[in-house]
>>> print(open('upload-v4.pdb').read())   # PDB, C-alpha atoms
ATOM      1  CA  MET A   1     114.752 -53.725  13.522
ATOM      2  CA  MET A   2     117.424 -51.638  11.763
ATOM      3  CA  TRP A   3     116.483 -52.827   8.232
ATOM      4  CA  LYS A   4     112.787 -52.459   8.984
ATOM      5  CA  ALA A   5     113.478 -48.863   9.947
ATOM      6  CA  VAL A   6     115.452 -48.324   6.730
ATOM      7  CA  LEU A   7     112.544 -49.545   4.615
ATOM      8  CA  VAL A   8     110.161 -47.202   6.405
ATOM      9  CA  VAL A   9     112.417 -44.226   5.779
ATOM     10  CA  PHE A  10     112.781 -44.871   2.064
ATOM     11  CA  THR A  11     109.050 -45.277   1.916
ATOM     12  CA  ALA A  12     108.524 -41.907   3.528
ATOM     13  CA  ILE A  13     110.969 -40.193   1.146
ATOM     14  CA  ASP A  14     108.550 -40.011  -1.773
ATOM     15  CA  HIS A  15     105.954 -38.114   0.212
ATOM     16  CA  ALA A  16     105.739 -35.318  -2.280
ATOM     17  CA  SER A  17     109.242 -36.297  -3.101
ATOM     18  CA  ALA A  18     110.179 -33.109  -1.461
ATOM     19  CA  PHE A  19     112.599 -33.271   2.061
ATOM     20  CA  ASN A  20     119.645 -32.047   7.932
ATOM     21  CA  LEU A  21     117.203 -31.116  10.292
ATOM     22  CA  PRO A  22     117.862 -27.409  10.736
ATOM     23  CA  ASP A  23     116.770 -25.561  13.831
ATOM     24  CA  LEU A  24     113.388 -27.052  14.659
ATOM     25  CA  ALA A  25     112.140 -23.827  16.197
ATOM     26  CA  ASN A  26     112.785 -22.164  12.853
ATOM     27  CA  ILE A  27     111.397 -24.874  10.583
ATOM     28  CA  PHE A  28     108.247 -25.846  12.439
ATOM     29  CA  ARG A  29     106.946 -22.373  13.023
ATOM     30  CA  PRO A  30     103.231 -21.708  12.997
ATOM     31  CA  PRO A  31     101.692 -20.128   9.893
ATOM     32  CA  ALA A  32     100.914 -16.455   9.911
ATOM     33  CA  PRO A  33      97.304 -15.755  10.895
ATOM     34  CA  THR A  34      94.946 -14.831   8.085
ATOM     35  CA  THR A  35      91.440 -13.500   7.803
ATOM     36  CA  ARG A  36      91.102 -14.421   4.147
ATOM     37  CA  LYS A  37      87.755 -15.922   3.230
ATOM     38  CA  PRO A  38      88.259 -19.483   1.894
ATOM     39  CA  ASN A  39      87.659 -20.134  -1.777
ATOM     40  CA  ASN A  40      84.319 -21.900  -2.244
ATOM     41  CA  ASP A  41      85.961 -24.685  -4.256
ATOM     42  CA  GLU A  42      88.421 -25.165  -1.403
ATOM     43  CA  ILE A  43      85.500 -25.770   0.948
ATOM     44  CA  ILE A  44      83.934 -28.210  -1.515
ATOM     45  CA  LEU A  45      87.262 -30.017  -1.900
ATOM     46  CA  LEU A  46      87.746 -30.349   1.855
ATOM     47  CA  GLN A  47      84.257 -31.821   2.135
ATOM     48  CA  ALA A  48      85.018 -34.272  -0.665
ATOM     49  CA  ILE A  49      88.211 -35.588   0.954
ATOM     50  CA  SER A  50      86.797 -35.797   4.470
ATOM     51  CA  ASN A  51      86.311 -39.300   5.874
ATOM     52  CA  THR A  52      88.496 -40.849   3.153
ATOM     53  CA  GLY A  53      91.454 -41.857   5.346
ATOM     54  CA  ASN A  54      93.850 -39.609   3.433
ATOM     55  CA  GLY A  55      92.444 -41.029   0.203
ATOM     56  CA  LYS A  56      92.746 -44.705   1.123
ATOM     57  CA  ASP A  57      88.997 -45.179   1.554
ATOM     58  CA  ALA A  58      87.927 -42.996  -1.366
ATOM     59  CA  ASP A  59      85.940 -44.930  -3.953
ATOM     60  CA  ILE A  60      86.518 -44.311  -7.641
ATOM     61  CA  GLU A  61      83.713 -41.784  -7.931
ATOM     62  CA  THR A  62      85.112 -39.801  -5.000
ATOM     63  CA  GLN A  63      88.594 -39.913  -6.500
ATOM     64  CA  ALA A  64      87.205 -38.626  -9.790
ATOM     65  CA  ARG A  65      85.318 -35.828  -8.054
ATOM     66  CA  VAL A  66      88.424 -34.820  -6.080
ATOM     67  CA  LEU A  67      90.499 -34.731  -9.264
ATOM     68  CA  SER A  68      87.852 -32.607 -10.956
ATOM     69  CA  ILE A  69      87.693 -30.034  -8.143
ATOM     70  CA  ALA A  70      91.489 -29.973  -7.859
ATOM     71  CA  ARG A  71      91.809 -29.308 -11.591
ATOM     72  CA  ARG A  72      89.257 -26.536 -11.327
ATOM     73  CA  LEU A  73      91.351 -24.860  -8.653
ATOM     74  CA  GLU A  74      94.596 -25.452 -10.513
ATOM     75  CA  THR A  75      93.324 -23.967 -13.757
ATOM     76  CA  SER A  76      91.399 -21.083 -12.215
ATOM     77  CA  LEU A  77      94.283 -19.686 -10.180
ATOM     78  CA  THR A  78      97.718 -20.830 -11.316
ATOM     79  CA  PRO A  79     100.525 -19.910  -8.910
ATOM     80  CA  SER A  80     103.005 -17.267  -9.999
ATOM     81  CA  SER A  81     105.892 -18.670 -12.026
ATOM     82  CA  THR A  82     108.274 -16.910  -9.613
ATOM     83  CA  LEU A  83     106.825 -18.537  -6.499
ATOM     84  CA  LEU A  84     110.068 -20.412  -5.847
ATOM     85  CA  SER A  85     112.436 -17.605  -6.864
ATOM     86  CA  ASN A  86     110.841 -14.483  -5.398
ATOM     87  CA  PRO A  87     111.321 -14.338  -1.599
ATOM     88  CA  GLU A  88     108.249 -12.172  -1.101
ATOM     89  CA  GLU A  89     105.981 -14.441  -3.132
ATOM     90  CA  ALA A  90     107.489 -17.528  -1.472
ATOM     91  CA  LYS A  91     106.248 -16.411   1.954
ATOM     92  CA  ILE A  92     102.885 -18.025   1.184
ATOM     93  CA  LEU A  93     104.668 -21.385   0.840
ATOM     94  CA  ASP A  94     106.835 -20.995   3.940
ATOM     95  CA  GLY A  95     106.074 -22.957   7.110
ATOM     96  CA  ASP A  96     104.017 -26.007   8.031
ATOM     97  CA  TRP A  97     101.546 -27.882   5.832
ATOM     98  CA  PHE A  98      99.555 -31.008   6.714
ATOM     99  CA  LEU A  99      98.856 -33.744   4.201
ATOM    100  CA  GLN A 100      95.119 -34.441   4.081
ATOM    101  CA  TYR A 101      94.760 -36.482   0.900
ATOM    102  CA  THR A 102      96.941 -38.329  -1.558
ATOM    103  CA  ALA A 103      95.981 -40.424  -4.565
ATOM    104  CA  PRO A 104      97.098 -41.045  -8.152
ATOM    105  CA  SER A 105      96.631 -38.220 -10.637
ATOM    106  CA  GLU A 106      95.247 -40.759 -13.094
ATOM    107  CA  ILE A 107      92.472 -43.288 -12.516
ATOM    108  CA  ASP A 108      91.711 -46.449 -14.424
ATOM    109  CA  PHE A 109      87.975 -45.801 -14.673
ATOM    110  CA  GLY A 110      86.958 -48.813 -16.742
ATOM    111  CA  ASP A 111      83.224 -48.625 -17.468
ATOM    112  CA  GLU A 112      82.262 -47.069 -14.128
ATOM    113  CA  VAL A 113      83.295 -43.429 -14.297
ATOM    114  CA  SER A 114      84.714 -41.213 -16.994
ATOM    115  CA  SER A 115      86.512 -37.905 -16.643
ATOM    116  CA  ASP A 116      88.335 -35.449 -18.849
ATOM    117  CA  ASP A 117      90.196 -33.948 -15.916
ATOM    118  CA  LYS A 118      93.812 -34.912 -16.284
ATOM    119  CA  TRP A 119      97.047 -33.331 -15.136
ATOM    120  CA  VAL A 120     100.069 -34.161 -17.261
ATOM    121  CA  ALA A 121     103.603 -33.583 -16.015
ATOM    122  CA  ALA A 122     105.708 -31.441 -18.309
ATOM    123  CA  GLU A 123     108.847 -33.130 -19.540
ATOM    124  CA  ALA A 124     112.126 -31.774 -18.209
ATOM    125  CA  PRO A 125     115.657 -33.088 -18.741
ATOM    126  CA  GLU A 126     116.971 -32.513 -15.231
ATOM    127  CA  GLY A 127     117.246 -35.503 -12.993
ATOM    128  CA  GLU A 128     115.588 -37.933 -15.362
ATOM    129  CA  SER A 129     118.409 -40.448 -14.823
ATOM    130  CA  THR A 130     118.195 -40.215 -11.021
ATOM    131  CA  ILE A 131     114.552 -39.379 -10.259
ATOM    132  CA  THR A 132     111.997 -42.167 -10.531
ATOM    133  CA  THR A 133     108.913 -41.246 -12.550
ATOM    134  CA  ARG A 134     107.205 -44.638 -12.611
ATOM    135  CA  GLN A 135     103.598 -44.068 -11.600
ATOM    136  CA  PHE A 136     102.715 -44.875  -8.001
ATOM    137  CA  LYS A 137      99.149 -46.112  -7.740
ATOM    138  CA  GLY A 138      98.686 -46.151  -3.973
ATOM    139  CA  ALA A 139      95.953 -44.014  -2.411
ATOM    140  CA  GLY A 140      96.184 -42.867   1.198
ATOM    141  CA  SER A 141      99.844 -43.796   1.371
ATOM    142  CA  ILE A 142     103.262 -42.396   0.626
ATOM    143  CA  SER A 143     105.896 -44.357  -1.198
ATOM    144  CA  GLY A 144     109.588 -44.624  -1.898
ATOM    145  CA  GLY A 145     111.359 -47.365  -3.753
ATOM    146  CA  GLY A 146     107.979 -48.886  -4.587
ATOM    147  CA  ILE A 147     107.224 -49.828  -0.967
ATOM    148  CA  PRO A 148     104.041 -48.162   0.368
ATOM    149  CA  VAL A 149     103.524 -46.857   3.901
ATOM    150  CA  ASP A 150      99.997 -46.384   5.136
ATOM    151  CA  ALA A 151      99.301 -42.719   5.909
ATOM    152  CA  SER A 152      95.569 -43.128   6.374
ATOM    153  CA  SER A 153      95.691 -42.918  10.162
ATOM    154  CA  SER A 154      98.499 -40.395  10.614
ATOM    155  CA  VAL A 155      98.626 -36.816   9.341
ATOM    156  CA  ALA A 156     102.002 -36.199   7.725
ATOM    157  CA  LEU A 157     103.696 -32.834   8.143
ATOM    158  CA  GLN A 158     105.599 -31.089   5.377
ATOM    159  CA  ALA A 159     107.520 -27.920   6.316
ATOM    160  CA  PHE A 160     109.132 -25.506   3.884
ATOM    161  CA  ASP A 161     111.969 -23.282   5.086
ATOM    162  CA  ILE A 162     112.233 -20.734   2.292
ATOM    163  CA  GLU A 163     115.224 -18.900   3.793
ATOM    164  CA  LYS A 164     117.316 -22.097   3.849
ATOM    165  CA  SER A 165     115.754 -23.711   0.753
ATOM    166  CA  ARG A 166     114.855 -26.815   2.735
ATOM    167  CA  VAL A 167     111.854 -29.042   2.977
ATOM    168  CA  THR A 168     111.220 -31.515   5.792
ATOM    169  CA  ASN A 169     108.648 -34.297   6.042
ATOM    170  CA  GLU A 170     107.487 -36.002   9.219
ATOM    171  CA  ILE A 171     105.178 -38.949   9.643
ATOM    172  CA  GLN A 172     104.362 -41.158  12.600
ATOM    173  CA  ALA A 173     105.034 -44.728  11.472
ATOM    174  CA  GLY A 174     104.514 -47.908  13.459
ATOM    175  CA  ILE A 175     108.049 -47.939  14.807
ATOM    176  CA  GLY A 176     108.307 -44.226  15.573
ATOM    177  CA  LEU A 177     108.502 -40.707  14.162
ATOM    178  CA  VAL A 178     110.195 -40.642  10.774
ATOM    179  CA  THR A 179     111.808 -37.374   9.633
ATOM    180  CA  VAL A 180     113.238 -36.973   6.157
ATOM    181  CA  GLY A 181     114.671 -33.729   4.839
ATOM    182  CA  GLY A 182     116.793 -32.079   2.225
ATOM    183  CA  THR A 183     117.461 -29.012   0.158
ATOM    184  CA  TYR A 184     115.439 -28.028  -2.867
ATOM    185  CA  ARG A 185     116.008 -25.893  -5.924
ATOM    186  CA  GLN A 186     113.745 -24.466  -8.553
ATOM    187  CA  SER A 187     113.683 -26.304 -11.848
ATOM    188  CA  THR A 188     115.641 -24.439 -14.496
ATOM    189  CA  THR A 189     113.485 -25.805 -17.298
ATOM    190  CA  VAL A 190     111.184 -23.140 -18.742
ATOM    191  CA  PRO A 191     107.898 -25.140 -18.673
ATOM    192  CA  VAL A 192     108.151 -26.089 -14.993
ATOM    193  CA  PRO A 193     109.217 -23.109 -12.820
ATOM    194  CA  LEU A 194     106.906 -24.354 -10.058
ATOM    195  CA  ARG A 195     108.784 -27.653  -9.768
ATOM    196  CA  ALA A 196     110.981 -27.964  -6.659
ATOM    197  CA  ILE A 197     113.688 -30.584  -7.133
ATOM    198  CA  VAL A 198     114.767 -32.145  -3.864
ATOM    199  CA  ALA A 199     118.170 -33.478  -2.771
ATOM    200  CA  PHE A 200     117.727 -35.561   0.384
ATOM    201  CA  ASP A 201     120.444 -35.428   3.033
ATOM    202  CA  THR A 202     118.763 -36.257   6.350
ATOM    203  CA  ALA A 203     116.866 -39.263   7.653
ATOM    204  CA  ARG A 204     116.102 -39.920  11.309
ATOM    205  CA  ILE A 205     113.764 -42.269  13.157
ATOM    206  CA  ALA A 206     112.805 -41.468  16.733
ATOM    207  CA  LEU A 207     111.883 -44.967  17.871
ATOM    208  CA  ASN A 208     108.846 -45.414  20.084
ATOM    209  CA  ILE A 209     111.054 -47.514  22.333
ATOM    210  CA  GLY A 210     114.767 -46.805  22.175
ATOM    211  CA  PRO A 211     117.074 -44.177  20.725
ATOM    212  CA  THR A 212     116.819 -42.014  17.641
ATOM    213  CA  LEU A 213     118.406 -43.627  14.618
ATOM    214  CA  ASP A 214     120.292 -41.363  12.227
ATOM    215  CA  ILE A 215     120.574 -43.147   8.899
ATOM    216  CA  SER A 216     121.307 -40.155   6.698
ATOM    217  CA  PHE A 217     124.338 -42.009   5.333
ATOM    218  CA  LEU A 218     121.950 -43.987   3.147
ATOM    219  CA  PHE A 219     121.486 -40.910   0.967
ATOM    220  CA  ASP A 220     125.263 -40.738   0.469
ATOM    221  CA  ILE A 221     125.241 -44.352  -0.700
ATOM    222  CA  ARG A 222     122.349 -43.681  -3.064
ATOM    223  CA  ALA A 223     124.061 -40.560  -4.423
ATOM    224  CA  ALA A 224     127.248 -42.530  -5.084
ATOM    225  CA  ILE A 225     125.231 -45.067  -7.086
ATOM    226  CA  LYS A 226     122.970 -42.620  -8.914
ATOM    227  CA  GLY A 227     125.465 -39.796  -9.264
ATOM    228  CA  SER A 228     123.203 -37.263  -7.538
ATOM    229  CA  LYS A 229     121.322 -36.683  -4.298
ATOM    230  CA  GLU A 230     118.398 -35.301  -6.254
ATOM    231  CA  ALA A 231     115.770 -37.986  -5.899
ATOM    232  CA  GLY A 232     112.363 -36.387  -6.348
ATOM    233  CA  TRP A 233     110.335 -33.327  -7.185
ATOM    234  CA  VAL A 234     107.032 -31.744  -6.351
ATOM    235  CA  GLU A 235     105.141 -29.088  -8.279
ATOM    236  CA  THR A 236     102.901 -26.609  -6.498
ATOM    237  CA  THR A 237      99.913 -26.371  -8.824
ATOM    238  CA  TYR A 238      97.637 -24.349  -6.529
ATOM    239  CA  ILE A 239      98.276 -22.373  -3.366
ATOM    240  CA  SER A 240      96.385 -20.047  -1.062
ATOM    241  CA  ASN A 241      96.803 -19.043   2.564
ATOM    242  CA  ASP A 242      94.869 -22.152   3.586
ATOM    243  CA  MET A 243      95.438 -24.862   0.985
ATOM    244  CA  ARG A 244      98.158 -26.199  -1.291
ATOM    245  CA  ILE A 245      97.813 -28.709  -4.099
ATOM    246  CA  GLY A 246     100.906 -30.494  -5.353
ATOM    247  CA  ARG A 247     101.830 -33.097  -7.924
ATOM    248  CA  GLY A 248     104.782 -35.436  -7.431
ATOM    249  CA  ASN A 249     107.307 -37.075  -9.720
ATOM    250  CA  LYS A 250     105.457 -40.398  -9.415
ATOM    251  CA  GLY A 251     102.185 -38.886 -10.550
ATOM    252  CA  SER A 252     100.552 -38.496  -7.156
ATOM    253  CA  LEU A 253      98.136 -35.739  -6.184
ATOM    254  CA  PHE A 254      98.704 -34.146  -2.777
ATOM    255  CA  ILE A 255      96.264 -31.893  -0.943
ATOM    256  CA  LEU A 256      97.656 -30.091   2.094
ATOM    257  CA  THR A 257      96.238 -27.531   4.503
ATOM    258  CA  ARG A 258      97.612 -25.100   7.055
ATOM    259  CA  ASP A 259      95.081 -26.313   9.609
ATOM    260  CA  ARG A 260      95.868 -29.837  10.803
ATOM    261  CA  ASP A 261      92.210 -30.405  11.607
ATOM    262  CA  ALA A 262      90.753 -28.980   8.396
ATOM    263  CA  VAL A 263      89.567 -32.435   7.287
ATOM    264  CA  LYS A 264      87.610 -35.122   9.105
ATOM    265  CA  ALA A 265      89.771 -38.234   9.064
TER     266      ALA A 265
END
>>> encode(input="upload-v4.pdb", output="structure tokens")
Amino acid sequence: MMWKAVLVVFTAIDHASAFNLPDLANIFRPPAPTTRKPNNDEIILLQAISNTGNGKDADIETQARVLSIARRLETSLTPSSTLLSNPEEAKILDGDWFLQYTAPSEIDFGDEVSSDDKWVAAEAPEGESTITTRQFKGAGSISGGGIPVDASSSVALQAFDIEKSRVTNEIQAGIGLVTVGGTYRQSTTVPVPLRAIVAFDTARIALNIGPTLDISFLFDIRAAIKGSKEAGWVETTYISNDMRIGRGNKGSLFILTRDRDAVKA
């Protein structure tokens, strides 16, 4: 059971590649209310990803359409380059977000569908020896160490604590609630100021039956081998009061919302 739990945790780590459990009352606070009218493309995007099982059940045409709408949002309203460094601007990122869709940023279309919409990660020297950038091709799942975990039937939570520079991920796996967290820092490379580089330090599994397992020591072992706790990054490529689009170090697209029920599963 212990090793099965370990595998699940390392699988959950790459969820946005972005995650000690600080004070839960502080981290999992509700978002500030807003009366902002949703962007029309946001509405279209939410409709496109509904009933896709977090991307798992999306056919290739749907994946292409989602990528196209996401690129339209990303290019029409690019987040401020000081989003991660300006406390006032960072307030829009602070708090809870719910993962509604995940899929590769690139699709092997073959002869079925073609698209010119393509996001390309900017090259940066930091962490390249410790952060895996091999493309992860799973849709509707999150991955770490190349082992996928199905997220199609469970909405994953990602919480940013701007004051403490921490990010925490939670997902309900088959064996229990998996929580993975860590500190993040802004990339110091000029082309990627929106890239948050994450150093994991906490991993806990609240078993459905039994105690809570704290296996955070695994990150210390990994850091001793790799020479750093920095193990992933996520770029915020679009953000509003209601929606956030991110791209991960393994090439995945992530669409998150403030409202847990914004998308029909």
>>> resolve_selection(input="upload-v4.pdb", expression="the PyMOL selection byres ((chain A and resi 197) around 7)", output="ChimeraX atom specification")
/A:184-187,195-196,198-199,230,232-234
>>> resolve_selection(input="upload-v4.pdb", expression="the PyMOL selection byres ((chain A and resi 263) around 7)", output="MDAnalysis selection string")
chainID A and resid 46 50 100 261:262 264:265
>>> residues_around(input="upload-v4.pdb", residues="Arg247 (chain A)", least_positions_apart="5", cutoff="7 Å", atoms="all atoms listed in the file", output="number ranges by chain")
A: 234-236, 252-254
>>> resolve_selection(input="upload-v4.pdb", expression="the PyMOL selection byres ((chain A and resi 166) around 7)", output="list in words")
Phe19, Phe160, Asp161, Ile162, Lys164, Ser165, Val167, Thr168, Gly182, Thr183 and Tyr184 of chain A
>>> atom_distance(input="upload-v4.pdb", atom1="CA of Gly95 (chain A)", atom2="CA of Leu256 (chain A)")
12.1 Å
>>> residues_around(input="upload-v4.pdb", residues="Asp41 (chain A)", least_positions_apart="3", cutoff="9 Å", atoms="all atoms listed in the file", output="list of chain:residue names")
A:Pro38, A:Ile44, A:Leu45, A:Leu46, A:Ile69, A:Ala70, A:Arg72, A:Leu73
>>> closest_residue(input="upload-v4.pdb", among="A:Phe217, A:Pro191, A:Ala206, A:Met243", to="Ile171 (chain A)", atoms="only C-alpha atoms")
A:Ala206
>>> atom_distance(input="upload-v4.pdb", atom1="CA of Asp59 (chain A)", atom2="CA of Ile245 (chain A)")
20.1 Å
